[in-house]
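First the structure, in the form of structure tokens, and then the observations on it.
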There are 2 protein chains.
Amino acid sequence: MQSVDEKVAPEDSWRERKKQATRAALVEAAVRLAAEHGVENVTVDAISETAGVSPRTFFNYFDSRDEVFVMVGAESSARVRRAVLDAPHEHTALEALRDAMALELSEIEQQQELWQLHADVLRRSPDLLSRSIGAHMADEIVLAEVIAARIGAGSPLFSGDRRTGSEAEAERRRRALGLYPRLVAAVGVTACRVAVEHWCVRQDETTFTEVFREAFEHLAAGLPEPPATPRR
Amino acid sequence: MQSVDEKVAPEDSWRERKKQATRAALVEAAVRLAAEHGVENVTVDAISETAGVSPRTFFNYFDSRDEVFVMVGAESSARVRRAVLDAPHEHTALEALRDAMALELSEIEQQQELWQLHADVLRRSPDLLSRSIGAHMADEIVLAEVIAARIGAGSPLFSGDRRTGSEAEAERRRRALGLYPRLVAAVGVTACRVAVEHWCVRQDETTFTEVFREAFEHLAAGLPEPPATPRR
DNA sequence: GCCGAGATTGCAGATCCTGCATTTTTGCGT
DNA sequence: ACGCAAAAATGCAGGATCTGCAATCTCGGC
């Protein structure tokens with residue numbers, strides 16, 4: 001009987017905080033080194049030395065060298081799920097998701113500094129970008145569960161907790177979901193991704209909020225043919 | 001001035017066909033070994049030996065060991081693009097994409113055998129599944145170009161050719177696209193993926209065609225709240 | 001202070017991946 | 001049929017990635 005708070009509470013013992021600090025240090029070191037010398041030319045030796053730990057320790061935190069670049073916004077998606085769950089019932093599932101994401105993104109924009117570096121690094125290496133996207137897909141199923149809960153269909157579900165790990169577990173979860181929640185979650189995440197990518201490339205032409213809003217309007221309208229866009 | 005046919009024609013010299021045969025042999029060997037012993041327990045030595053080539057040769061075909069598992073449907077996406085481009089103009093971009101994908105999938109269903117194995121292997125290792133999805137994302141931009149061409153907006157564009165490789169090139173392509181084509185491509189691919197995943201898990205309950213159709217109906221309707229789905 | 005759990009570390013070793021030189025195969029003109 | 005040049009395959013050396021194991025260290029509670 002897994003309690004929710006068990007995973008929600010950061011459990012801020014001195015021990016735990018140091019662990020998170022080390023993890024953050026590794027990520028930061030990796031990103032800064034990659035931004036400077038290129039992703040390919042960054043060894044785990046260099047990363048761990050910059051972060052001030054042993055190379056062996058690096059692999060206690062990440063399963064592979066690349067994973068340090070891929071792991072982004074872990075608790076971010078948890079907040080989005082919570083917001084979707086708490087959204088007023090006058091809203092559509094899609095609207096709730098849109099608003100939750102917009103809020104989260106606006107908060108991320110504040111941090112800027114490291115996040116911008118990270119984005120650049122990912123943009124420069126398509127392979128890692130792919131995996132980063134894939135990482136988000138894992139969250140997609142959990143998000144789908146939340147949406148299912150919102151609209152009343154679906155399984156009992158453990159409201160906000162994170163991946164319980166096991167493969168059989170994930171399989172069972174997928175089986176318990178209808179098509180619709182799954183579709184909304186996946187399409188919503190995708191729209192968000194496209195908006196970000198599209199904006200990254202023309203930051204100067206328009207605001208992100210505008211792009212984001214436009215994308216979800218297209219979605220809510222059923223993606224009709226546009227009224228002949230004469231671009232530029 | 002890149003010609004289209006240059007890349008479209010398989011250029012079936014004996015040389016080229018043997019190369020594709022070797023590549024196919026490597027993929028098949030990898031998939032079969034992975035299905036039997038688990039993905040983690042398959043070394044490139046084992047793969048290349050089973051395929052009857054040197055381990056070094058393996059890396060002449062794939063950049064990494066994992067890539068042999070994620071490379072699927074290379075020419076499949078090319079056919080989809082062609083179909084989208086050739087679809088009658090009475091259809092919406094989304095409809096054209098839907099029909100093109102439906103056709104392609106029905107043809108893939110014929111092959112079954114190895115494809116099923118491959119699907120199983122990917123399902124058992126989330127990491128590789130992520131990367132496989134990511135690989136499809138690369139095609140997404142090219143697909144977006146085709147859609148842009150269809151609706152008349154966008155850049156001159158090289159109609160059907162494949163990735164011209166360079167990173168700067170990809171960057172330029174992204175800049176030349178509006179939001180809408182990008183969104184339709186991404187969302188369409190996503191819907192297709194969700195449909196496949198959803199069906200893989202309940203093959204016995206319904207036909208794939210039905211799931212696929214339902215997904216795109218949701219999309220075209222703007223993803224409204226479902227009329228209370230009492231699942232099962 | 002002492003002890004148990006958990007974290008870090010060093011180390012050996014398997015595997016992955018790359019650059020380079022060499023050999024074999026293929027396509028083509030003579 | 002023969003030879004040549006381009007392309008592919010191969011062997012090998014070496015660096016990087018990743019894992020298991022045992023020793024050490026650190027935190028939190030007794």
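The way I read the labels, and the way they are meant: chains A, B, ... in the order of the structure tokens, residue 1 as the first residue of every chain, and ligand 1 as the first ligand shown, with later ones counted on from there.
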Proximal residues of chain C relative to chain B (only C-alpha atoms (C1' of nucleotides); 12 Å) as a ChimeraX atom specification: /C:14-19,25-27
Based on only C-alpha atoms, which of the residues in chain A come within 6 Å of chain B? I want them as a PyMOL selection string. chain A and resi 130-131+134+187+219-222
Got a sec to pull out which chain D residues are within 12 Å of chain B, counting only C-alpha atoms (C1' of nucleotides), and send them as a PyMOL selection string? chain D and resi 6-12
Give me the residues near D:DT26 as a list in words, where near means some atom within 12 Å (using only C-alpha atoms (C1' of nucleotides)) and where sequence neighbours in that chain fewer than 2 positions away do not count.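 Once the adjacent positions are removed, what remains is Trp14, Arg15 and Lys18 of chain A; DG4, DA5, DG6, DA7 and DT8 of chain C; DT24 and DG28 of chain D.
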For a test of reading the model, state the distance in Å between atom CA of A:Val196 and atom CA of A:Met71, rounded to one decimal.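 So the answer is 17.4 Å.
Contact shell of D:DG3 at 10 Å (only C-alpha atoms (C1' of nucleotides); same-chain neighbours under 2 positions omitted): DG29 and DT30 of chain C; DA1 and DA5 of chain D.
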May I have the selected residues written with C-alpha atoms (C1' of nucleotides), as an mmCIF file, in the first residue's frame?
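Full text of part-v7.cif as output:
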data_model
loop_
_atom_site.group_PDB
_atom_site.id
_atom_site.type_symbol
_atom_site.label_atom_id
_atom_site.label_comp_id
_atom_site.auth_asym_id
_atom_site.auth_seq_id
_atom_site.Cartn_x
_atom_site.Cartn_y
_atom_site.Cartn_z
ATOM 1 C "C1'" DG C 29 36.809 0.416 -69.307
ATOM 2 C "C1'" DT C 30 40.015 -1.646 -72.514
ATOM 3 C "C1'" DA D 1 39.810 -11.652 -70.176
ATOM 4 C "C1'" DA D 5 40.119 2.468 -59.098
#
Quote the spacing between atom CA of A:Leu122 and atom CA of A:Phe69 in Å to one decimal place.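 We find that atom CA of A:Leu122 and atom CA of A:Phe69 lie 7.7 Å from each other.
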To one decimal place in Å, what is the distance between atom CA of A:Val72 and atom CA of B:Ile141?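 Taking atom CA of A:Val72 as the start and atom CA of B:Ile141 as the end point, the length is 23.2 Å.
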Every residue of stretch 35-183 of chain B that DSSP places in alpha helix (DSSP H), as a ChimeraX atom specification: /B:35-37,44-51,55-61,67-70,74-86,93-111,113-124,126-150,167-175,179-183
Leaving out C:DC3 and any residue of its chain fewer than 4 positions from it, which residues lie within 12 Å of it when counting only C-alpha atoms (C1' of nucleotides), given as a PyMOL selection string? chain D and resi 27-30
If you keep N, CA and C atoms (P, O5', C5', C4', C3', O3' and C1' of nucleotides), can you produce a file of those selected residues as a PDB file, in the first residue's frame?
ATOM      1  P    DC D  27      28.672  13.207   6.990  1.00  0.00           P
ATOM      2  O5'  DC D  27      27.184  12.736   7.350  1.00  0.00           O
ATOM      3  C5'  DC D  27      26.309  12.358   6.296  1.00  0.00           C
ATOM      4  C4'  DC D  27      25.188  11.478   6.835  1.00  0.00           C
ATOM      5  C3'  DC D  27      24.425  12.078   8.021  1.00  0.00           C
ATOM      6  O3'  DC D  27      23.044  12.006   7.760  1.00  0.00           O
ATOM      7  C1'  DC D  27      25.153   9.876   8.525  1.00  0.00           C
ATOM      8  P    DG D  28      22.022  12.887   8.660  1.00  0.00           P
ATOM      9  O5'  DG D  28      21.335  11.786   9.583  1.00  0.00           O
ATOM     10  C5'  DG D  28      20.730  10.642   8.983  1.00  0.00           C
ATOM     11  C4'  DG D  28      20.348   9.656  10.064  1.00  0.00           C
ATOM     12  C3'  DG D  28      19.728  10.304  11.313  1.00  0.00           C
ATOM     13  O3'  DG D  28      18.558   9.591  11.685  1.00  0.00           O
ATOM     14  C1'  DG D  28      21.568   8.952  11.922  1.00  0.00           C
ATOM     15  P    DG D  29      17.693  10.022  12.926  1.00  0.00           P
ATOM     16  O5'  DG D  29      17.912   8.806  13.925  1.00  0.00           O
ATOM     17  C5'  DG D  29      17.541   7.481  13.506  1.00  0.00           C
ATOM     18  C4'  DG D  29      18.171   6.450  14.419  1.00  0.00           C
ATOM     19  C3'  DG D  29      17.668   6.508  15.886  1.00  0.00           C
ATOM     20  O3'  DG D  29      17.409   5.185  16.334  1.00  0.00           O
ATOM     21  C1'  DG D  29      20.013   6.600  15.847  1.00  0.00           C
ATOM     22  P    DC D  30      16.498   4.977  17.635  1.00  0.00           P
ATOM     23  O5'  DC D  30      17.517   4.341  18.674  1.00  0.00           O
ATOM     24  C5'  DC D  30      18.045   3.026  18.428  1.00  0.00           C
ATOM     25  C4'  DC D  30      19.182   2.746  19.387  1.00  0.00           C
ATOM     26  C3'  DC D  30      18.855   3.050  20.851  1.00  0.00           C
ATOM     27  O3'  DC D  30      18.579   1.839  21.553  1.00  0.00           O
ATOM     28  C1'  DC D  30      21.051   3.847  20.227  1.00  0.00           C
TER      29       DC D  30
END
